[in-house]
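Trainee: File follows, query_10.tsv with TSV, N, CA and C atoms:
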chain	number	residue	atom	x	y	z
J	1	MET	N	118.32	-12.08	-181.38
J	1	MET	CA	118.12	-11.86	-179.96
J	1	MET	C	116.80	-12.52	-179.55
J	2	PRO	N	116.80	-13.36	-178.50
J	2	PRO	CA	115.58	-14.05	-178.10
J	2	PRO	C	114.57	-13.08	-177.49
J	3	SER	N	113.29	-13.40	-177.68
J	3	SER	CA	112.26	-12.57	-177.07
J	3	SER	C	112.20	-12.83	-175.57
J	4	THR	N	111.76	-11.83	-174.83
J	4	THR	CA	111.70	-11.93	-173.37
J	4	THR	C	110.23	-11.95	-172.95
J	5	THR	N	109.90	-12.89	-172.07
J	5	THR	CA	108.56	-12.95	-171.50
J	5	THR	C	108.69	-12.95	-169.99
J	6	THR	N	107.66	-12.45	-169.32
J	6	THR	CA	107.68	-12.38	-167.86
J	6	THR	C	106.39	-12.98	-167.31
J	7	SER	N	106.54	-13.76	-166.25
J	7	SER	CA	105.39	-14.27	-165.50
J	7	SER	C	105.70	-14.07	-164.03
J	8	LYS	N	104.79	-14.48	-163.17
J	8	LYS	CA	105.04	-14.29	-161.75
J	8	LYS	C	104.48	-15.44	-160.94
J	9	VAL	N	105.08	-15.62	-159.77
J	9	VAL	CA	104.60	-16.58	-158.78
J	9	VAL	C	104.24	-15.75	-157.56
J	10	SER	N	102.98	-15.81	-157.13
J	10	SER	CA	102.60	-15.06	-155.94
J	10	SER	C	102.04	-15.98	-154.88
J	11	ARG	N	102.36	-15.65	-153.65
J	11	ARG	CA	101.88	-16.38	-152.49
J	11	ARG	C	101.56	-15.36	-151.40
J	12	TRP	N	100.68	-15.74	-150.50
J	12	TRP	CA	100.29	-14.89	-149.38
J	12	TRP	C	100.86	-15.46	-148.10
J	13	ASP	N	101.26	-14.58	-147.19
J	13	ASP	CA	101.75	-15.06	-145.90
J	13	ASP	C	100.59	-15.12	-144.91
J	14	GLN	N	100.88	-15.52	-143.66
J	14	GLN	CA	99.83	-15.69	-142.66
J	14	GLN	C	99.21	-14.37	-142.22
J	15	HIS	N	99.81	-13.23	-142.59
J	15	HIS	CA	99.28	-11.91	-142.25
J	15	HIS	C	98.49	-11.30	-143.40
J	16	GLY	N	98.32	-12.05	-144.47
J	16	GLY	CA	97.54	-11.59	-145.61
J	16	GLY	C	98.32	-10.71	-146.58
J	17	ARG	N	99.64	-10.68	-146.48
J	17	ARG	CA	100.45	-9.89	-147.39
J	17	ARG	C	100.85	-10.73	-148.60
J	18	GLU	N	100.78	-10.12	-149.76
J	18	GLU	CA	101.17	-10.82	-150.98
J	18	GLU	C	102.67	-10.63	-151.22
J	19	HIS	N	103.33	-11.72	-151.62
J	19	HIS	CA	104.74	-11.69	-151.99
J	19	HIS	C	104.83	-12.24	-153.41
J	20	VAL	N	105.63	-11.60	-154.24
J	20	VAL	CA	105.69	-11.96	-155.66
J	20	VAL	C	107.14	-12.15	-156.08
J	21	VAL	N	107.39	-13.24	-156.81
J	21	VAL	CA	108.66	-13.45	-157.49
J	21	VAL	C	108.36	-13.44	-158.98
J	22	ARG	N	109.03	-12.57	-159.69
J	22	ARG	CA	108.85	-12.47	-161.14
J	22	ARG	C	109.83	-13.41	-161.83
J	23	VAL	N	109.35	-14.07	-162.87
J	23	VAL	CA	110.16	-15.00	-163.66
J	23	VAL	C	110.27	-14.41	-165.05
J	24	GLN	N	111.46	-13.99	-165.42
J	24	GLN	CA	111.69	-13.42	-166.74
J	24	GLN	C	112.45	-14.44	-167.58
J	25	LYS	N	111.93	-14.73	-168.76
J	25	LYS	CA	112.51	-15.76	-169.61
J	25	LYS	C	113.14	-15.11	-170.84
J	26	ALA	N	114.38	-15.49	-171.09
J	26	ALA	CA	115.07	-15.07	-172.32
J	26	ALA	C	115.87	-16.27	-172.79
J	27	GLY	N	115.42	-16.93	-173.82
J	27	GLY	CA	116.09	-18.15	-174.28
J	27	GLY	C	115.86	-19.28	-173.30
J	28	VAL	N	116.92	-19.98	-172.91
J	28	VAL	CA	116.78	-21.09	-171.96
J	28	VAL	C	116.98	-20.63	-170.52
J	29	GLN	N	117.50	-19.43	-170.33
J	29	GLN	CA	117.73	-18.92	-168.98
J	29	GLN	C	116.49	-18.21	-168.46
J	30	ARG	N	116.30	-18.32	-167.13
J	30	ARG	CA	115.25	-17.58	-166.45
J	30	ARG	C	115.88	-16.77	-165.33
J	31	GLN	N	115.43	-15.54	-165.19
J	31	GLN	CA	115.92	-14.68	-164.12
J	31	GLN	C	114.77	-14.51	-163.13
J	32	LEU	N	115.02	-14.86	-161.87
J	32	LEU	CA	114.03	-14.70	-160.82
J	32	LEU	C	114.34	-13.42	-160.06
J	33	SER	N	113.31	-12.67	-159.67
J	33	SER	CA	113.52	-11.50	-158.84
J	33	SER	C	112.32	-11.32	-157.92
J	34	CYS	N	112.62	-11.14	-156.63
J	34	CYS	CA	111.58	-11.01	-155.60
J	34	CYS	C	111.23	-9.54	-155.43
J	35	ASP	N	109.95	-9.21	-155.56
J	35	ASP	CA	109.50	-7.83	-155.37
J	35	ASP	C	109.63	-7.39	-153.91
J	36	THR	N	109.57	-8.33	-152.97
J	36	THR	CA	109.59	-7.99	-151.56
J	36	THR	C	110.98	-7.65	-151.05
J	37	CYS	N	111.97	-8.49	-151.35
J	37	CYS	CA	113.29	-8.31	-150.74
J	37	CYS	C	114.40	-8.04	-151.74
J	38	GLY	N	114.11	-8.10	-153.03
J	38	GLY	CA	115.12	-7.83	-154.02
J	38	GLY	C	116.01	-9.02	-154.38
J	39	TRP	N	115.75	-10.18	-153.78
J	39	TRP	CA	116.51	-11.39	-154.07
J	39	TRP	C	116.41	-11.68	-155.56
J	40	GLY	N	117.48	-12.17	-156.13
J	40	GLY	CA	117.47	-12.54	-157.54
J	40	GLY	C	118.36	-13.74	-157.79
J	41	ARG	N	118.04	-14.46	-158.84
J	41	ARG	CA	118.81	-15.65	-159.17
J	41	ARG	C	118.55	-16.03	-160.62
J	42	ARG	N	119.58	-16.53	-161.29
J	42	ARG	CA	119.41	-17.09	-162.64
J	42	ARG	C	119.28	-18.60	-162.50
J	43	VAL	N	118.31	-19.15	-163.20
J	43	VAL	CA	118.11	-20.60	-163.18
J	43	VAL	C	117.78	-21.06	-164.59
J	44	GLN	N	118.05	-22.33	-164.83
J	44	GLN	CA	117.73	-22.89	-166.14
J	44	GLN	C	116.56	-23.86	-166.04
J	45	PHE	N	116.44	-24.56	-164.91
J	45	PHE	CA	115.39	-25.57	-164.75
J	45	PHE	C	114.51	-25.24	-163.55
J	46	LEU	N	113.24	-25.55	-163.66
J	46	LEU	CA	112.26	-25.43	-162.59
J	46	LEU	C	112.22	-24.05	-161.93
J	47	PRO	N	112.10	-22.98	-162.69
J	47	PRO	CA	112.13	-21.65	-162.09
J	47	PRO	C	110.96	-21.39	-161.14
J	48	TRP	N	109.77	-21.93	-161.45
J	48	TRP	CA	108.62	-21.68	-160.59
J	48	TRP	C	108.76	-22.40	-159.26
J	49	LEU	N	109.36	-23.57	-159.28
J	49	LEU	CA	109.63	-24.28	-158.03
J	49	LEU	C	110.62	-23.51	-157.17
J	50	LYS	N	111.68	-22.98	-157.76
J	50	LYS	CA	112.66	-22.17	-157.02
J	50	LYS	C	112.00	-20.92	-156.46
J	51	ALA	N	111.10	-20.32	-157.22
J	51	ALA	CA	110.39	-19.14	-156.74
J	51	ALA	C	109.50	-19.50	-155.54
J	52	GLU	N	108.77	-20.61	-155.63
J	52	GLU	CA	107.93	-21.05	-154.51
J	52	GLU	C	108.77	-21.35	-153.27
J	53	GLU	N	109.93	-21.99	-153.46
J	53	GLU	CA	110.81	-22.29	-152.33
J	53	GLU	C	111.28	-21.01	-151.65
J	54	HIS	N	111.66	-20.00	-152.43
J	54	HIS	CA	112.10	-18.73	-151.86
J	54	HIS	C	110.98	-18.09	-151.05
J	55	LEU	N	109.79	-18.06	-151.62
J	55	LEU	CA	108.67	-17.43	-150.92
J	55	LEU	C	108.36	-18.14	-149.61
J	56	ALA	N	108.40	-19.46	-149.62
J	56	ALA	CA	108.10	-20.23	-148.41
J	56	ALA	C	109.19	-20.06	-147.35
J	57	GLN	N	110.46	-20.15	-147.77
J	57	GLN	CA	111.56	-20.11	-146.80
J	57	GLN	C	111.83	-18.71	-146.28
J	58	GLU	N	111.85	-17.72	-147.13
J	58	GLU	CA	112.24	-16.37	-146.72
J	58	GLU	C	111.09	-15.52	-146.21
J	59	HIS	N	109.88	-15.77	-146.71
J	59	HIS	CA	108.75	-14.90	-146.36
J	59	HIS	C	107.60	-15.65	-145.70
J	60	GLN	N	107.75	-16.96	-145.50
J	60	GLN	CA	106.70	-17.80	-144.95
J	60	GLN	C	105.38	-17.58	-145.70
J	61	ALA	N	105.50	-17.36	-147.00
J	61	ALA	CA	104.33	-17.14	-147.85
J	61	ALA	C	104.03	-18.44	-148.59
J	62	THR	N	102.98	-19.13	-148.17
J	62	THR	CA	102.69	-20.45	-148.72
J	62	THR	C	101.27	-20.57	-149.26
J	63	VAL	N	100.43	-19.56	-149.09
J	63	VAL	CA	99.04	-19.66	-149.54
J	63	VAL	C	98.96	-19.22	-151.00
J	64	ASP	N	98.54	-20.14	-151.85
J	64	ASP	CA	98.42	-19.88	-153.28
J	64	ASP	C	97.10	-19.15	-153.53
J	65	PRO	N	97.13	-17.90	-154.06
J	65	PRO	CA	95.89	-17.16	-154.27
J	65	PRO	C	94.99	-17.75	-155.34
J	66	SER	N	95.51	-18.63	-156.19
J	66	SER	CA	94.70	-19.22	-157.24
J	66	SER	C	93.93	-20.45	-156.75
J	67	MET	N	94.24	-20.92	-155.56
J	67	MET	CA	93.55	-22.10	-155.01
J	67	MET	C	92.39	-21.64	-154.12
J	68	PRO	N	91.25	-22.34	-154.18
J	68	PRO	CA	90.09	-21.95	-153.34
J	68	PRO	C	90.33	-22.17	-151.86
Show me this structure written as structure tokens.

Mentor:
Amino acid sequence: MPSTTTSKVSRWDQHGREHVVRVQKAGVQRQLSCDTCGWGRRVQFLPWLKAEEHLAQEHQATVDPSMP
């Protein structure tokens, strides 16, 4: 059984609210799940890009907290 690891993609919207999509990895598949709206999706390639796209399109959250 493959080990499972979890990371997250977080962005802030124009009102200062944080939105997070968690990326869970098991083998070659990644499961995305949004903490804000419950959206989920299985992806094999570019999971962080798909997470960023969801945050931008659905929550207008585009500010990366790790950038100055």

Trainee: Among chain J, which residues does DSSP mark as helix (DSSP H, G or I) when it is run on the backbone? Keep the chain and numbering as in the structure and answer as a VMD selection string.

Mentor: chain J and resid 47 to 59

Trainee: Give me, please, the distance in Å between atom CA of Ala26 of chain J and atom N of Val63 of chain J, quoted to one decimal.

Mentor: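 Spanning atom CA of Ala26 of chain J to atom N of Val63 of chain J is a straight-line distance of 27.8 Å.
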
Trainee: I need the residue nearest Lys25 of chain J from this list: J:Thr4, J:Asp64, J:Val9, J:Trp39. Use only N, CA and C atoms for the distance.

Mentor: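 Between J:Thr4, J:Asp64, J:Val9, J:Trp39, the residue approaching Lys25 of chain J most closely is J:Thr4.
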
Trainee: Nearest to Arg11 of chain J among J:Met67, J:Ala61, J:Ala51, J:Leu46, with distances taken over only N, CA and C atoms: which residue is it?

Mentor: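 Using only N, CA and C atoms, Arg11 of chain J sits closest to J:Ala61.
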
Trainee: Would you mind reading off the distance between atom CA of His59 of chain J and atom CA of Val23 of chain J, one decimal, in Å?

Mentor: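 About the pair atom CA of His59 of chain J and atom CA of Val23 of chain J: they are 17.4 Å apart.
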
Trainee: Which is closest to Gln29 of chain J among J:Arg42, J:His54, J:His15, J:Ser7, if we use only N, CA and C atoms?

Mentor: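 Checking each candidate against Gln29 of chain J, we get J:Arg42 as the closest.
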
Trainee: Output segment 30-41 of chain J with all heavy atoms present, as a PDB file, keeping the file's coordinate frame.

Mentor:
ATOM      1  N   ARG J  30     116.300 -18.320-167.130  1.00  0.00           N
ATOM      2  CA  ARG J  30     115.250 -17.580-166.450  1.00  0.00           C
ATOM      3  C   ARG J  30     115.880 -16.770-165.330  1.00  0.00           C
ATOM      4  O   ARG J  30     116.758 -17.260-164.636  1.00  0.00           O
ATOM      5  CB  ARG J  30     114.211 -18.521-165.840  1.00  0.00           C
ATOM      6  CG  ARG J  30     113.104 -18.881-166.796  1.00  0.00           C
ATOM      7  CD  ARG J  30     113.367 -20.197-167.377  1.00  0.00           C
ATOM      8  NE  ARG J  30     112.235 -20.668-168.181  1.00  0.00           N
ATOM      9  CZ  ARG J  30     112.389 -21.446-169.198  1.00  0.00           C
ATOM     10  NH1 ARG J  30     113.575 -21.831-169.554  1.00  0.00           N
ATOM     11  NH2 ARG J  30     111.367 -21.855-169.880  1.00  0.00           N
ATOM     12  N   GLN J  31     115.430 -15.540-165.190  1.00  0.00           N
ATOM     13  CA  GLN J  31     115.920 -14.680-164.120  1.00  0.00           C
ATOM     14  C   GLN J  31     114.770 -14.510-163.130  1.00  0.00           C
ATOM     15  O   GLN J  31     113.680 -14.090-163.501  1.00  0.00           O
ATOM     16  CB  GLN J  31     116.316 -13.306-164.679  1.00  0.00           C
ATOM     17  CG  GLN J  31     116.689 -12.283-163.633  1.00  0.00           C
ATOM     18  CD  GLN J  31     117.992 -12.607-162.937  1.00  0.00           C
ATOM     19  OE1 GLN J  31     118.939 -13.085-163.550  1.00  0.00           O
ATOM     20  NE2 GLN J  31     118.030 -12.370-161.649  1.00  0.00           N
ATOM     21  N   LEU J  32     115.020 -14.860-161.870  1.00  0.00           N
ATOM     22  CA  LEU J  32     114.030 -14.700-160.820  1.00  0.00           C
ATOM     23  C   LEU J  32     114.340 -13.420-160.060  1.00  0.00           C
ATOM     24  O   LEU J  32     115.515 -13.121-159.802  1.00  0.00           O
ATOM     25  CB  LEU J  32     114.072 -15.882-159.846  1.00  0.00           C
ATOM     26  CG  LEU J  32     113.931 -17.274-160.440  1.00  0.00           C
ATOM     27  CD1 LEU J  32     114.011 -18.325-159.346  1.00  0.00           C
ATOM     28  CD2 LEU J  32     112.638 -17.408-161.201  1.00  0.00           C
ATOM     29  N   SER J  33     113.310 -12.670-159.670  1.00  0.00           N
ATOM     30  CA  SER J  33     113.520 -11.500-158.840  1.00  0.00           C
ATOM     31  C   SER J  33     112.320 -11.320-157.920  1.00  0.00           C
ATOM     32  O   SER J  33     111.171 -11.367-158.356  1.00  0.00           O
ATOM     33  CB  SER J  33     113.749 -10.250-159.693  1.00  0.00           C
ATOM     34  OG  SER J  33     112.665 -10.024-160.545  1.00  0.00           O
ATOM     35  N   CYS J  34     112.620 -11.140-156.630  1.00  0.00           N
ATOM     36  CA  CYS J  34     111.580 -11.010-155.600  1.00  0.00           C
ATOM     37  C   CYS J  34     111.230  -9.540-155.430  1.00  0.00           C
ATOM     38  O   CYS J  34     112.121  -8.714-155.152  1.00  0.00           O
ATOM     39  CB  CYS J  34     112.085 -11.609-154.285  1.00  0.00           C
ATOM     40  SG  CYS J  34     110.878 -11.496-152.943  1.00  0.00           S
ATOM     41  N   ASP J  35     109.950  -9.210-155.560  1.00  0.00           N
ATOM     42  CA  ASP J  35     109.500  -7.830-155.370  1.00  0.00           C
ATOM     43  C   ASP J  35     109.630  -7.390-153.910  1.00  0.00           C
ATOM     44  O   ASP J  35     109.793  -6.210-153.638  1.00  0.00           O
ATOM     45  CB  ASP J  35     108.027  -7.684-155.787  1.00  0.00           C
ATOM     46  CG  ASP J  35     107.839  -7.744-157.293  1.00  0.00           C
ATOM     47  OD1 ASP J  35     108.836  -7.848-158.038  1.00  0.00           O
ATOM     48  OD2 ASP J  35     106.670  -7.688-157.726  1.00  0.00           O
ATOM     49  N   THR J  36     109.570  -8.330-152.970  1.00  0.00           N
ATOM     50  CA  THR J  36     109.590  -7.990-151.560  1.00  0.00           C
ATOM     51  C   THR J  36     110.980  -7.650-151.050  1.00  0.00           C
ATOM     52  O   THR J  36     111.177  -6.629-150.398  1.00  0.00           O
ATOM     53  CB  THR J  36     109.001  -9.142-150.716  1.00  0.00           C
ATOM     54  OG1 THR J  36     107.684  -9.422-151.180  1.00  0.00           O
ATOM     55  CG2 THR J  36     108.955  -8.792-149.241  1.00  0.00           C
ATOM     56  N   CYS J  37     111.970  -8.490-151.350  1.00  0.00           N
ATOM     57  CA  CYS J  37     113.290  -8.310-150.740  1.00  0.00           C
ATOM     58  C   CYS J  37     114.400  -8.040-151.740  1.00  0.00           C
ATOM     59  O   CYS J  37     115.547  -7.808-151.343  1.00  0.00           O
ATOM     60  CB  CYS J  37     113.645  -9.530-149.881  1.00  0.00           C
ATOM     61  SG  CYS J  37     113.958 -11.036-150.828  1.00  0.00           S
ATOM     62  N   GLY J  38     114.110  -8.100-153.030  1.00  0.00           N
ATOM     63  CA  GLY J  38     115.120  -7.830-154.020  1.00  0.00           C
ATOM     64  C   GLY J  38     116.010  -9.020-154.380  1.00  0.00           C
ATOM     65  O   GLY J  38     116.917  -8.893-155.202  1.00  0.00           O
ATOM     66  N   TRP J  39     115.750 -10.180-153.780  1.00  0.00           N
ATOM     67  CA  TRP J  39     116.510 -11.390-154.070  1.00  0.00           C
ATOM     68  C   TRP J  39     116.410 -11.680-155.560  1.00  0.00           C
ATOM     69  O   TRP J  39     115.385 -11.479-156.198  1.00  0.00           O
ATOM     70  CB  TRP J  39     115.934 -12.538-153.245  1.00  0.00           C
ATOM     71  CG  TRP J  39     116.429 -13.905-153.592  1.00  0.00           C
ATOM     72  CD1 TRP J  39     117.567 -14.500-153.136  1.00  0.00           C
ATOM     73  CD2 TRP J  39     115.790 -14.882-154.442  1.00  0.00           C
ATOM     74  NE1 TRP J  39     117.678 -15.775-153.644  1.00  0.00           N
ATOM     75  CE2 TRP J  39     116.598 -16.033-154.453  1.00  0.00           C
ATOM     76  CE3 TRP J  39     114.625 -14.881-155.194  1.00  0.00           C
ATOM     77  CZ2 TRP J  39     116.270 -17.167-155.185  1.00  0.00           C
ATOM     78  CZ3 TRP J  39     114.297 -16.004-155.929  1.00  0.00           C
ATOM     79  CH2 TRP J  39     115.126 -17.137-155.907  1.00  0.00           C
ATOM     80  N   GLY J  40     117.480 -12.170-156.130  1.00  0.00           N
ATOM     81  CA  GLY J  40     117.470 -12.540-157.540  1.00  0.00           C
ATOM     82  C   GLY J  40     118.360 -13.740-157.790  1.00  0.00           C
ATOM     83  O   GLY J  40     119.310 -13.996-157.041  1.00  0.00           O
ATOM     84  N   ARG J  41     118.040 -14.460-158.840  1.00  0.00           N
ATOM     85  CA  ARG J  41     118.810 -15.650-159.170  1.00  0.00           C
ATOM     86  C   ARG J  41     118.550 -16.030-160.620  1.00  0.00           C
ATOM     87  O   ARG J  41     117.433 -15.890-161.114  1.00  0.00           O
ATOM     88  CB  ARG J  41     118.376 -16.786-158.246  1.00  0.00           C
ATOM     89  CG  ARG J  41     119.121 -18.061-158.435  1.00  0.00           C
ATOM     90  CD  ARG J  41     118.720 -19.060-157.386  1.00  0.00           C
ATOM     91  NE  ARG J  41     119.442 -20.294-157.595  1.00  0.00           N
ATOM     92  CZ  ARG J  41     119.226 -21.394-156.939  1.00  0.00           C
ATOM     93  NH1 ARG J  41     118.295 -21.426-156.009  1.00  0.00           N
ATOM     94  NH2 ARG J  41     119.901 -22.473-157.190  1.00  0.00           N
TER      95      ARG J  41
END
